[in-house]
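Novice: File start-v6.tsv below, TSV, C-alpha atoms and all ligand atoms:
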chain	number	residue	atom	x	y	z
D	1108	MET	CA	-38.19	19.32	-45.20
D	1109	SER	CA	-35.07	19.42	-43.10
D	1110	LYS	CA	-33.44	22.79	-42.59
D	1111	LYS	CA	-30.12	21.10	-42.00
D	1112	ILE	CA	-27.34	22.46	-44.19
D	1113	SER	CA	-24.73	19.91	-45.16
D	1114	LEU	CA	-21.11	20.81	-45.83
D	1115	THR	CA	-21.71	20.01	-49.52
D	1116	ARG	CA	-24.62	22.44	-49.72
D	1117	TYR	CA	-22.73	25.08	-47.75
D	1118	LEU	CA	-19.78	24.88	-50.16
D	1119	VAL	CA	-21.99	24.89	-53.27
D	1120	GLU	CA	-23.80	27.98	-51.97
D	1121	GLN	CA	-20.53	29.68	-51.10
D	1122	GLN	CA	-19.31	28.98	-54.61
D	1123	ARG	CA	-22.54	30.18	-56.20
D	1124	MET	CA	-23.27	33.24	-54.08
D	1125	ASP	CA	-19.91	34.64	-53.22
D	1126	GLY	CA	-17.84	33.12	-55.98
D	1127	HIS	CA	-14.81	32.94	-53.74
D	1128	ILE	CA	-14.60	29.15	-53.76
D	1129	PRO	CA	-13.55	27.96	-57.20
D	1130	ALA	CA	-14.86	24.49	-58.14
D	1131	GLN	CA	-11.47	22.84	-57.59
D	1132	LEU	CA	-11.18	24.27	-54.09
D	1133	ARG	CA	-14.69	23.09	-53.29
D	1134	LEU	CA	-13.72	19.60	-54.42
D	1135	LEU	CA	-10.57	19.76	-52.32
D	1136	LEU	CA	-12.52	20.68	-49.17
D	1137	GLU	CA	-15.04	17.92	-49.79
D	1138	VAL	CA	-12.26	15.40	-50.22
D	1139	VAL	CA	-10.52	16.52	-47.02
D	1140	ALA	CA	-13.85	16.22	-45.17
D	1141	ARG	CA	-14.34	12.71	-46.56
D	1142	ALA	CA	-10.86	11.74	-45.36
D	1143	CYS	CA	-11.75	13.12	-41.92
D	1144	LYS	CA	-14.76	10.83	-41.78
D	1145	ARG	CA	-12.53	7.85	-42.49
D	1146	ILE	CA	-10.00	8.89	-39.86
D	1147	SER	CA	-12.84	9.48	-37.41
D	1148	LEU	CA	-14.09	5.91	-37.92
D	1149	THR	CA	-10.66	4.48	-37.15
D	1150	VAL	CA	-10.30	6.74	-34.11
D	1151	ASN	CA	-13.69	5.61	-32.80
D	1152	LYS	CA	-12.81	1.95	-33.15
D	1153	GLY	CA	-9.83	2.42	-30.84
D	1154	ALA	CA	-8.24	-0.88	-29.86
D	1155	LEU	CA	-10.71	-2.72	-32.13
D	1156	GLY	CA	-9.48	-0.92	-35.25
D	1157	GLY	CA	-5.72	-1.48	-34.88
D	1158	GLY	CA	-5.13	2.26	-34.52
D	1159	LEU	CA	-3.59	2.36	-31.05
D	1160	GLY	CA	0.06	2.10	-30.08
D	1161	SER	CA	3.41	3.03	-31.48
D	1162	ALA	CA	4.54	2.38	-35.05
D	1163	GLU	CA	8.15	2.13	-33.73
D	1164	THR	CA	9.36	4.57	-36.42
D	1165	GLU	CA	10.58	8.18	-36.23
D	1166	ASN	CA	9.48	11.13	-38.36
D	1167	ILE	CA	11.70	13.93	-39.70
D	1168	GLN	CA	11.18	15.86	-36.44
D	1169	GLY	CA	12.76	13.01	-34.47
D	1170	GLU	CA	9.41	12.14	-32.86
D	1171	MET	CA	8.24	8.54	-32.46
D	1172	GLN	CA	5.30	7.91	-34.77
D	1173	LYS	CA	2.06	6.37	-33.56
D	1174	LYS	CA	0.20	3.90	-35.79
D	1175	LEU	CA	-2.58	6.46	-36.17
D	1176	ASP	CA	-0.13	9.17	-37.35
D	1177	ILE	CA	0.74	6.92	-40.27
D	1178	ILE	CA	-2.81	5.67	-40.94
D	1179	ALA	CA	-4.22	9.23	-41.03
D	1180	ASN	CA	-1.38	10.37	-43.30
D	1181	GLU	CA	-2.13	7.54	-45.75
D	1182	VAL	CA	-5.88	8.22	-45.69
D	1183	LEU	CA	-5.27	11.88	-46.58
D	1184	ILE	CA	-2.89	11.05	-49.41
D	1185	GLU	CA	-5.10	8.34	-50.90
D	1186	ALA	CA	-8.17	10.55	-50.77
D	1187	ASN	CA	-6.46	13.55	-52.34
D	1188	GLU	CA	-4.03	12.26	-54.95
D	1189	TRP	CA	-6.42	11.31	-57.77
D	1190	GLY	CA	-9.00	14.14	-57.86
D	1191	GLY	CA	-7.01	16.49	-60.11
D	1192	HIS	CA	-7.24	19.39	-57.67
D	1193	LEU	CA	-3.73	19.17	-56.20
D	1194	ALA	CA	-0.18	19.58	-57.42
D	1195	ALA	CA	1.45	18.27	-54.23
D	1196	MET	CA	1.03	17.65	-50.50
D	1197	ALA	CA	3.22	18.13	-47.44
D	1198	SER	CA	2.73	16.61	-44.02
D	1199	GLU	CA	4.23	16.48	-40.56
D	1200	GLU	CA	4.80	12.78	-41.14
D	1201	MET	CA	6.69	13.04	-44.46
D	1202	ASP	CA	10.25	14.34	-44.85
D	1203	GLY	CA	9.71	15.91	-48.26
D	1204	ILE	CA	6.74	16.86	-50.39
D	1205	TYR	CA	4.45	14.29	-52.03
D	1206	ILE	CA	3.97	15.16	-55.69
D	1207	VAL	CA	0.74	13.94	-57.30
D	1208	PRO	CA	1.81	10.91	-59.40
D	1209	ASN	CA	1.98	11.33	-63.20
D	1210	ARG	CA	-0.90	8.92	-63.73
D	1211	TYR	CA	-3.29	11.54	-62.29
D	1212	PRO	CA	-4.02	15.07	-63.52
D	1213	GLN	CA	-2.31	17.86	-61.59
D	1214	GLY	CA	-4.21	20.79	-60.14
D	1215	GLU	CA	-3.12	24.20	-58.91
D	1216	TYR	CA	-3.47	23.68	-55.15
D	1217	LEU	CA	-0.96	22.67	-52.50
D	1218	LEU	CA	-2.25	20.90	-49.39
D	1219	LEU	CA	-0.39	20.81	-46.08
D	1220	PHE	CA	-1.51	18.83	-43.07
D	1221	ASP	CA	-0.85	17.58	-39.60
D	1222	PRO	CA	-2.63	14.26	-40.15
D	1223	LEU	CA	-2.98	13.49	-36.47
D	1224	ASP	CA	-2.61	16.22	-33.91
D	1225	GLY	CA	-2.28	15.35	-30.24
D	1226	SER	CA	-0.58	11.98	-30.75
D	1227	SER	CA	0.12	11.56	-27.03
D	1228	ASN	CA	-3.65	11.49	-26.43
D	1229	ILE	CA	-4.53	8.71	-28.92
D	1230	ASP	CA	-4.04	5.77	-26.60
D	1231	VAL	CA	-5.78	7.42	-23.64
D	1232	ASN	CA	-9.05	8.25	-25.44
D	1233	VAL	CA	-8.72	12.03	-25.24
D	1234	SER	CA	-9.67	14.43	-28.08
D	1235	ILE	CA	-7.28	14.48	-31.04
D	1236	GLY	CA	-7.58	15.96	-34.52
D	1237	MET	CA	-6.17	16.84	-37.91
D	1238	ILE	CA	-5.17	20.29	-39.21
D	1239	PHE	CA	-4.87	21.45	-42.82
D	1240	SER	CA	-3.82	24.46	-44.87
D	1241	VAL	CA	-4.29	25.17	-48.58
D	1242	LEU	CA	-2.01	27.30	-50.79
D	1243	ILE	CA	-1.89	27.98	-54.51
D	1244	LYS	CA	1.12	26.67	-56.43
D	1245	PRO	CA	3.12	29.56	-57.87
D	1246	GLU	CA	3.15	29.75	-61.69
D	1247	GLY	CA	5.84	27.78	-63.48
D	1248	PRO	CA	6.66	24.25	-64.53
D	1249	GLY	CA	6.78	21.38	-62.03
D	1250	VAL	CA	6.40	21.63	-58.30
D	1251	SER	CA	9.02	21.78	-55.55
D	1252	ALA	CA	9.23	22.18	-51.77
D	1253	GLN	CA	10.14	25.82	-52.44
D	1254	ASP	CA	6.61	26.38	-53.80
D	1255	PHE	CA	5.21	25.64	-50.33
D	1256	LEU	CA	7.31	28.28	-48.57
D	1257	GLN	CA	4.65	30.99	-48.55
D	1258	PRO	CA	3.60	33.00	-45.49
D	1259	GLY	CA	0.27	32.13	-43.88
D	1260	ASN	CA	-1.42	35.22	-45.30
D	1261	GLN	CA	-1.34	33.44	-48.67
D	1262	GLN	CA	-3.61	30.59	-47.49
D	1263	VAL	CA	-6.85	30.18	-49.46
D	1264	ALA	CA	-8.46	27.69	-47.06
D	1265	ALA	CA	-7.61	26.28	-43.65
D	1266	GLY	CA	-9.31	24.14	-41.07
D	1267	TYR	CA	-9.17	21.35	-38.57
D	1268	CYS	CA	-11.23	18.39	-37.51
D	1269	VAL	CA	-11.60	17.42	-33.84
D	1270	PHE	CA	-12.14	13.75	-33.04
D	1271	GLY	CA	-13.69	14.10	-29.61
D	1272	PRO	CA	-17.06	13.30	-28.06
D	1273	GLN	CA	-18.28	14.84	-31.33
D	1274	THR	CA	-16.43	14.93	-34.64
D	1275	THR	CA	-16.38	18.57	-35.74
D	1276	LEU	CA	-14.90	20.18	-38.80
D	1277	VAL	CA	-14.06	23.88	-38.58
D	1278	LEU	CA	-12.99	25.82	-41.64
D	1279	THR	CA	-12.35	29.17	-43.24
D	1280	VAL	CA	-11.97	30.26	-46.83
D	1281	GLY	CA	-11.34	33.85	-45.76
D	1282	ASP	CA	-14.95	34.78	-45.06
D	1283	GLY	CA	-15.33	33.97	-41.36
D	1284	VAL	CA	-15.25	30.62	-39.60
D	1285	ALA	CA	-17.91	27.91	-39.88
D	1286	MET	CA	-18.29	24.71	-37.87
D	1287	PHE	CA	-19.80	21.41	-39.02
D	1288	THR	CA	-20.72	18.45	-36.83
D	1289	LEU	CA	-20.58	14.92	-38.19
D	1290	ASP	CA	-24.00	13.27	-38.25
D	1291	ARG	CA	-23.01	9.62	-38.05
D	1292	GLU	CA	-26.39	8.24	-39.13
D	1293	GLN	CA	-26.39	10.37	-42.29
D	1294	GLY	CA	-22.65	10.21	-42.78
D	1295	SER	CA	-22.44	13.93	-43.48
D	1296	PHE	CA	-21.10	17.06	-41.85
D	1297	ILE	CA	-23.92	19.44	-40.87
D	1298	LEU	CA	-23.46	23.19	-40.36
D	1299	THR	CA	-23.76	23.88	-36.61
D	1300	ALA	CA	-22.14	27.33	-36.22
D	1301	GLU	CA	-21.37	30.24	-38.53
D	1302	ASN	CA	-19.33	33.40	-37.99
D	1303	MET	CA	-17.62	31.98	-34.91
D	1304	HIS	CA	-16.23	34.73	-32.70
D	1305	VAL	CA	-13.42	34.73	-30.16
D	1306	PRO	CA	-14.18	37.25	-27.38
D	1307	ASP	CA	-11.55	40.03	-27.08
D	1308	ASP	CA	-11.02	39.30	-23.37
D	1309	THR	CA	-10.72	36.10	-21.40
D	1310	GLN	CA	-9.92	34.66	-17.98
D	1311	GLU	CA	-8.62	31.34	-19.27
D	1312	PHE	CA	-5.13	30.43	-20.48
D	1313	ALA	CA	-3.62	27.27	-21.96
D	1314	ILE	CA	0.07	26.47	-21.53
D	1315	ASN	CA	2.14	23.47	-20.51
D	1316	MET	CA	3.08	24.71	-17.03
D	1317	SER	CA	5.68	21.96	-16.57
D	1318	ASN	CA	7.96	23.95	-18.88
D	1319	MET	CA	7.84	27.06	-16.68
D	1320	ARG	CA	11.49	26.96	-15.65
D	1321	HIS	CA	12.52	27.05	-19.33
D	1322	TRP	CA	10.40	30.05	-20.36
D	1323	ASP	CA	11.81	33.44	-21.21
D	1324	ALA	CA	10.98	36.62	-19.26
D	1325	PRO	CA	7.89	37.93	-21.14
D	1326	VAL	CA	6.06	34.57	-20.86
D	1327	LYS	CA	7.02	34.23	-17.17
D	1328	ARG	CA	5.72	37.75	-16.54
D	1329	TYR	CA	2.43	37.11	-18.35
D	1330	ILE	CA	1.65	33.82	-16.61
D	1331	ASP	CA	2.86	35.08	-13.24
D	1332	GLU	CA	0.42	37.99	-13.47
D	1333	CYS	CA	-2.44	35.63	-14.41
D	1334	LEU	CA	-1.61	33.41	-11.43
D	1335	GLN	CA	-1.74	36.36	-9.02
D	1336	GLY	CA	-5.42	36.61	-9.92
D	1337	LYS	CA	-7.60	39.20	-8.19
D	1338	ASP	CA	-4.72	40.28	-5.93
D	1339	GLY	CA	-2.32	40.99	-8.80
D	1340	PRO	CA	-2.03	43.59	-11.57
D	1341	ARG	CA	-4.73	41.90	-13.69
D	1342	GLY	CA	-7.32	42.30	-10.94
D	1343	LYS	CA	-9.17	39.09	-11.86
D	1344	ASP	CA	-8.77	35.35	-11.35
D	1345	PHE	CA	-7.71	33.14	-14.24
D	1346	ASN	CA	-8.50	29.50	-14.97
D	1347	MET	CA	-6.17	27.09	-16.77
D	1348	ARG	CA	-6.88	24.34	-19.33
D	1349	TRP	CA	-4.32	22.23	-21.22
D	1350	VAL	CA	-5.56	19.27	-23.25
D	1351	GLY	CA	-2.22	18.61	-24.95
D	1352	SER	CA	-3.88	18.44	-28.38
D	1353	MET	CA	-3.63	21.80	-30.13
D	1354	VAL	CA	-6.89	21.12	-32.02
D	1355	ALA	CA	-8.82	20.61	-28.80
D	1356	ASP	CA	-7.28	23.64	-27.08
D	1357	VAL	CA	-7.89	25.88	-30.12
D	1358	HIS	CA	-11.42	24.52	-30.51
D	1359	ARG	CA	-12.21	25.51	-26.94
D	1360	ILE	CA	-10.79	29.00	-27.58
D	1361	LEU	CA	-12.84	29.39	-30.79
D	1362	THR	CA	-15.92	28.34	-28.86
D	1363	ARG	CA	-15.59	30.38	-25.67
D	1364	GLY	CA	-12.37	32.42	-25.81
D	1365	GLY	CA	-9.03	31.96	-24.11
D	1366	VAL	CA	-5.37	32.24	-24.95
D	1367	PHE	CA	-3.06	29.44	-26.09
D	1368	LEU	CA	0.70	29.67	-25.58
D	1369	TYR	CA	3.43	27.38	-26.89
D	1370	PRO	CA	6.47	29.63	-26.61
D	1371	TRP	CA	10.10	29.15	-27.52
D	1372	ASP	CA	11.88	27.87	-24.43
D	1373	LYS	CA	15.40	27.11	-23.25
D	1374	ARG	CA	15.10	23.33	-23.60
D	1375	GLU	CA	16.10	23.49	-27.25
D	1376	PRO	CA	17.36	27.06	-27.68
D	1377	ASP	CA	18.24	26.60	-31.35
D	1378	LYS	CA	14.60	25.75	-32.23
D	1379	PRO	CA	12.10	28.62	-32.39
D	1380	GLY	CA	9.42	26.55	-30.61
D	1381	LYS	CA	7.71	23.16	-30.62
D	1382	LEU	CA	4.83	23.73	-33.00
D	1383	ARG	CA	5.25	23.76	-36.76
D	1384	LEU	CA	4.54	26.93	-38.71
D	1385	MET	CA	3.11	25.63	-41.96
D	1386	TYR	CA	0.59	22.98	-40.88
D	1387	GLU	CA	-0.14	23.91	-37.25
D	1388	ALA	CA	0.41	27.62	-36.52
D	1389	ASN	CA	-0.60	29.07	-39.91
D	1390	PRO	CA	-3.98	27.34	-40.31
D	1391	MET	CA	-4.84	27.83	-36.62
D	1392	GLY	CA	-3.62	31.43	-36.72
D	1393	TRP	CA	-5.77	32.24	-39.73
D	1394	LEU	CA	-8.88	30.60	-38.22
D	1395	ILE	CA	-8.40	32.57	-35.00
D	1396	GLU	CA	-7.91	35.84	-36.91
D	1397	GLN	CA	-10.97	35.11	-39.04
D	1398	ALA	CA	-12.91	34.73	-35.80
D	1399	GLY	CA	-11.73	38.12	-34.55
D	1400	GLY	CA	-8.83	36.89	-32.40
D	1401	ALA	CA	-5.07	37.34	-32.85
D	1402	ALA	CA	-2.08	35.07	-33.50
D	1403	SER	CA	1.51	36.14	-32.87
D	1404	ASN	CA	4.95	34.68	-32.30
D	1405	GLY	CA	5.54	37.42	-29.73
D	1406	LYS	CA	7.24	39.72	-32.20
D	1407	GLN	CA	5.24	39.37	-35.38
D	1408	ARG	CA	1.86	38.26	-36.70
D	1409	ILE	CA	2.21	34.51	-37.33
D	1410	LEU	CA	0.65	34.90	-40.78
D	1411	GLU	CA	3.50	37.23	-41.80
D	1412	VAL	CA	6.34	34.88	-40.85
D	1413	GLN	CA	8.22	33.89	-44.01
D	1414	PRO	CA	8.91	30.14	-43.78
D	1415	GLY	CA	12.49	29.07	-44.53
D	1416	LYS	CA	11.74	25.34	-44.61
D	1417	LEU	CA	8.79	22.95	-44.73
D	1418	HIS	CA	9.00	21.78	-41.12
D	1419	GLU	CA	9.90	25.15	-39.64
D	1420	ARG	CA	8.90	25.71	-36.03
D	1421	VAL	CA	7.51	28.82	-34.42
D	1422	SER	CA	6.46	30.26	-31.06
D	1423	VAL	CA	2.68	30.46	-30.83
D	1424	PHE	CA	0.45	32.85	-28.89
D	1425	LEU	CA	-3.12	32.87	-30.14
D	1426	GLY	CA	-6.67	33.52	-29.05
D	1427	SER	CA	-8.44	36.45	-27.42
D	1428	LYS	CA	-7.08	39.63	-29.00
D	1429	ASN	CA	-6.34	41.68	-25.89
D	1430	GLU	CA	-4.34	38.86	-24.26
D	1431	VAL	CA	-2.26	38.18	-27.38
D	1432	GLN	CA	-1.56	41.91	-27.73
D	1433	ARG	CA	-0.54	42.06	-24.08
D	1434	ILE	CA	1.96	39.21	-24.55
D	1435	ALA	CA	3.37	40.95	-27.65
D	1436	ARG	CA	3.73	44.14	-25.58
D	1437	TYR	CA	5.63	42.24	-22.86
D	1438	TYR	CA	8.02	41.04	-25.58
D	1439	SER	CA	8.56	44.55	-26.92
D	1440	GLU	CA	9.17	45.86	-23.38
D	1441	ALA	CA	11.64	43.08	-22.48
Q	1501	LIG	P1	1.55	16.37	-32.73
Q	1501	LIG	O1	0.79	15.31	-32.00
Q	1501	LIG	O2	1.00	16.66	-34.10
Q	1501	LIG	O3	3.03	16.16	-32.74
Q	1501	LIG	O4	1.30	17.76	-31.98
Q	1501	LIG	C1	1.42	17.79	-30.58
Q	1501	LIG	C2	1.49	19.22	-30.19
Q	1501	LIG	C3	0.16	19.93	-30.01
Q	1501	LIG	O5	-0.96	19.24	-30.42
Q	1501	LIG	C4	0.07	20.18	-28.52
Q	1501	LIG	O6	-0.44	21.46	-28.29
Q	1501	LIG	C5	1.46	20.04	-28.03
Q	1501	LIG	O7	2.15	19.27	-28.94
Q	1501	LIG	C6	1.50	19.38	-26.69
Q	1501	LIG	O8	2.77	19.50	-26.19
Q	1501	LIG	P2	3.19	18.99	-24.73
Q	1501	LIG	O9	3.53	17.56	-24.89
Q	1501	LIG	O10	4.35	19.86	-24.38
Q	1501	LIG	O11	2.01	19.21	-23.81
Q	1502	MN	MN	0.24	18.64	-34.13
Q	1503	MN	MN	0.71	15.28	-35.71
Could you take the file, read its structure, and then write that structure out as C-alpha cells?
Ligand code: AHG
Ligand code: MN
Ligand code: MN
Specialist:
Amino acid sequence: MSKKISLTRYLVEQQRMDGHIPAQLRLLLEVVARACKRISLTVNKGALGGGLGSAETENIQGEMQKKLDIIANEVLIEANEWGGHLAAMASEEMDGIYIVPNRYPQGEYLLLFDPLDGSSNIDVNVSIGMIFSVLIKPEGPGVSAQDFLQPGNQQVAAGYCVFGPQTTLVLTVGDGVAMFTLDREQGSFILTAENMHVPDDTQEFAINMSNMRHWDAPVKRYIDECLQGKDGPRGKDFNMRWVGSMVADVHRILTRGGVFLYPWDKREPDKPGKLRLMYEANPMGWLIEQAGGAASNGKQRILEVQPGKLHERVSVFLGSKNEVQRIARYYSEA
C-alpha cells in the first residue's frame, strides 16, 4: 500500500484529529486546489493553450491584463461559486467583490485571491503562481466589500500554488505550513513537506535592485550593508535572487530561508507600495509567520495592518526573522 498522503486525506485527517478545519473550509480548500490543477494545465500548454499574451484590457490597478490573468480568475470563480461554502470573492482582477449568485446557496467564508501572480513571467516560461486568503464573513445580513476589510490576523486559511518545474501547493490553516506536489499521473496533490521552517538567519536577499534610487533611507542602509559583504558591518557575504514572481521568491524563502523586500519607494509616493495587502501580503505574511519567519511593513506586523480598501497596497519585508527585525529596527532608528 502506498504511504503517499493526498491533500484530500490530509484535510480529512486534520478535520478529524484536530477539529480546526470545519467541513465547509475543507471543501473550500479542495475546490481551490482543483482550480489550481486546471490553471496548471493551461499554464503547461503555453502557446498551445491560448494562455499567452496580453488581453489588451486594464484592471482596477491600472495594470495591463494578460490573457492568463483573466483565465485564472474565471477558473477560480467558476470552481468556487456553486459549492455553498462561500458568501463572496475578491480578486486582483476584479474592481469590486463577486457575490455568490442567488441561484446557489451562500456559505460563511470569504475568498480573496491573486489569480495569477508574476504576470510578467507568463510569456517567458518562468515560474508563476496564484495566492489565496480565506476570511469569515462577519455576522449580519447580506455581504459587502466592507466585510472583507479585516486584518490578516483574522485569516482562517491561506496559501499559494507555484506553477514552475513542479506544481506545488503550500497552505496553512494556522497549524504550521504544509506543502503538496501535484502528481500529474494521479491528478492529485501529494503531501511532500510538513512543518516547513524558515531559518532565523540568511545570507540571501530578494529585491528589485533597479529601484534603488527610489528607496528610502532604511532600505538603502540595509541593502548597502548586505552588499558590503564580509568587509562591511554584517561581516558576511550575501547572495541575491529576484524571480519577479512573489510566489516563486516566497517559495524559495520558505524552502531555504532568505528575505524578500518590496518597499514603498519614491516613484509613486502616494502609494504605500506595489504589492497588495489583502491577497498578496496577508496570505504570504501568515505563511511565513507560521513557518517561524516574520512579515512587516517596516513599522508594523503586516498581519496587524487594518485595510482601508480592497485593493490597498503595502510595503513588504518578509522572511528570515532576524533580517526582518533588523529592517524594522532601521526604520525605527531613521
Ligand atoms: P502580479 O503579477 O500579480 O501583478 O504581481 C507581480 C508582483 C509580484 O509577483 C512580484 O514580486 C513583483 O510584482 C515584481 O515586481 P517588479 O516588476 O518590480 O520586479
Ligand atoms: Mn501578484
Ligand atoms: Mn496577479
Novice: Using all atoms listed in the file, which residues sit within 7 Å of stretch 1214-1230 of chain D once same-chain residues fewer than 3 positions away are excluded, as a VMD selection string?
Specialist: chain D and resid 1159 to 1160 1173 1176 1179 to 1180 1191 to 1199 1233 to 1244 1351 to 1354 1386 to 1387
Novice: Restricting the output to C-alpha atoms, write the selected residues as a compact mmCIF listing (two decimals), in the frame of the given file.
Specialist:
# COMPACT_ATOMS: atom_id res chain seq x y z
CA LEU D 1159 -3.59 2.36 -31.05
CA GLY D 1160 0.06 2.10 -30.08
CA LYS D 1173 2.06 6.37 -33.56
CA ASP D 1176 -0.13 9.17 -37.35
CA ALA D 1179 -4.22 9.23 -41.03
CA ASN D 1180 -1.38 10.37 -43.30
CA GLY D 1191 -7.01 16.49 -60.11
CA HIS D 1192 -7.24 19.39 -57.67
CA LEU D 1193 -3.73 19.17 -56.20
CA ALA D 1194 -0.18 19.58 -57.42
CA ALA D 1195 1.45 18.27 -54.23
CA MET D 1196 1.03 17.65 -50.50
CA ALA D 1197 3.22 18.13 -47.44
CA SER D 1198 2.73 16.61 -44.02
CA GLU D 1199 4.23 16.48 -40.56
CA VAL D 1233 -8.72 12.03 -25.24
CA SER D 1234 -9.67 14.43 -28.08
CA ILE D 1235 -7.28 14.48 -31.04
CA GLY D 1236 -7.58 15.96 -34.52
CA MET D 1237 -6.17 16.84 -37.91
CA ILE D 1238 -5.17 20.29 -39.21
CA PHE D 1239 -4.87 21.45 -42.82
CA SER D 1240 -3.82 24.46 -44.87
CA VAL D 1241 -4.29 25.17 -48.58
CA LEU D 1242 -2.01 27.30 -50.79
CA ILE D 1243 -1.89 27.98 -54.51
CA LYS D 1244 1.12 26.67 -56.43
CA GLY D 1351 -2.22 18.61 -24.95
CA SER D 1352 -3.88 18.44 -28.38
CA MET D 1353 -3.63 21.80 -30.13
CA VAL D 1354 -6.89 21.12 -32.02
CA TYR D 1386 0.59 22.98 -40.88
CA GLU D 1387 -0.14 23.91 -37.25
Novice: If we count all atoms listed in the file and set the cut-off at 12 Å, which residues sit around D:Arg1436, ignoring sequence neighbours fewer than 2 positions away in its own chain? Please answer as a PyMOL selection string.
Specialist: chain D and resi 1325-1326+1328-1329+1403-1407+1429-1434+1438-1441
Novice: Smallest atom-to-atom distance to ligand MN 1502 (chain Q): which of D:Val1250, D:Leu1155, D:Leu1289, D:Val1269, using all atoms listed in the file?
Specialist: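 Looking only at the distances to ligand MN 1502 (chain Q), the closest residue turns out to be D:Val1269.
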Novice: For D:Lys1110, which residue out of D:Met1201, D:Asp1356, D:Leu1298, D:Val1150 is the nearest one, using all atoms listed in the file?
Specialist: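 For D:Lys1110, the nearest of the candidates is D:Leu1298.
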Novice: Taking all listed atoms of stretch 1329-1338 of chain D, build the axis-aligned box, pad each of the six sides by 5 Å, then write its centre and edge lengths in Å to one decimal as lines of an AutoDock Vina configuration file.
Specialist:
center_x = -2.4
center_y = 36.8
center_z = -12.1
size_x = 20.5
size_y = 16.9
size_z = 22.4
Novice: Of the candidates D:Val1357, D:Met1347, D:Val1280, D:Met1316, which one gets nearest to ligand MN 1502 (chain Q) if we count all atoms listed in the file?
Specialist: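 When distances to ligand MN 1502 (chain Q) are compared using all atoms listed in the file, the smallest one comes from D:Val1357.
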Novice: For D:Phe1312, work out the shell of residues within 10 Å, counting all atoms listed in the file and skipping chain neighbours fewer than 4 positions away, then give it as a ChimeraX atom specification.
Specialist: /D:1330,1333,1345-1349,1356,1360,1364-1368,1426-1427,1430
Novice: What is the distance between atom CA of D:Gly1126 and atom CA of D:Val1263, in Å to one decimal?
Specialist: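 For atom CA of D:Gly1126 relative to atom CA of D:Val1263, the distance reads 13.1 Å.
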Novice: Please compute the atom CA of D:Ala1252-atom CA of D:Ala1264 distance, one decimal, in Å.
Specialist: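 Atom CA of D:Ala1264 lies at a distance of 19.1 Å from atom CA of D:Ala1252.
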Novice: Find the residue from D:Asp1377, D:Asp1290, D:Glu1170, D:Glu1185 that sits nearest to ligand MN 1503 (chain Q); use all atoms listed in the file when measuring.
Specialist: D:Glu1170
Novice: Rounded to one decimal place, report the atom CA of D:Arg1145-atom CA of D:Glu1188 distance in Å.
Specialist: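 For atom CA of D:Arg1145 relative to atom CA of D:Glu1188, the distance reads 15.7 Å.
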Novice: Restricting the calculation to all atoms listed in the file: of D:Ala1435, D:Leu1278, D:Leu1132, D:Leu1175, which residue gets closest to ligand LIG 1501 (chain Q)?
Specialist: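 The shortest atom-to-atom distance to ligand LIG 1501 (chain Q) comes from D:Leu1175.
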Novice: Could you tell me which of D:Thr1288, D:Asn1166, D:Asn1187, D:Gln1213 comes closest to ligand MN 1503 (chain Q) if we count only C-alpha atoms and all ligand atoms?
Specialist: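 Of D:Thr1288, D:Asn1166, D:Asn1187, D:Gln1213, the one nearest ligand MN 1503 (chain Q) is D:Asn1166, counting only C-alpha atoms and all ligand atoms.
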Novice: Need to verify the contact set: D:Arg1141, 10 Å, only C-alpha atoms, exclusion of same-chain residues closer than 4 positions in sequence. Can you return it as a short mmCIF file (atom, residue, chain, number, x, y, z; two decimals) with C-alpha atoms, in the coordinates of the input?
Specialist:
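Result file part_36.cif:
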data_model
loop_
_atom_site.label_atom_id
_atom_site.label_comp_id
_atom_site.auth_asym_id
_atom_site.auth_seq_id
_atom_site.Cartn_x
_atom_site.Cartn_y
_atom_site.Cartn_z
CA LEU D 1135 -10.57 19.76 -52.32
CA LEU D 1136 -12.52 20.68 -49.17
CA GLU D 1137 -15.04 17.92 -49.79
CA ARG D 1145 -12.53 7.85 -42.49
CA ILE D 1146 -10.00 8.89 -39.86
CA SER D 1147 -12.84 9.48 -37.41
CA VAL D 1182 -5.88 8.22 -45.69
CA LEU D 1183 -5.27 11.88 -46.58
CA ALA D 1186 -8.17 10.55 -50.77
CA ASN D 1187 -6.46 13.55 -52.34
CA GLY D 1294 -22.65 10.21 -42.78
CA SER D 1295 -22.44 13.93 -43.48
CA PHE D 1296 -21.10 17.06 -41.85
#
Novice: Using all atoms listed in the file, determine which residues lie at most 12 Å from D:Pro1376, disregarding the query and same-chain residues fewer than 2 positions distant; provide the list as a list of chain:residue names.
Specialist: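 Contacts, in chain order: D:His1321, D:Trp1322, D:Asp1323, D:Pro1370, D:Trp1371, D:Asp1372, D:Lys1373, D:Arg1374, D:Lys1378, D:Pro1379, D:Gly1380, D:Lys1381, D:Arg1420, D:Ser1422.
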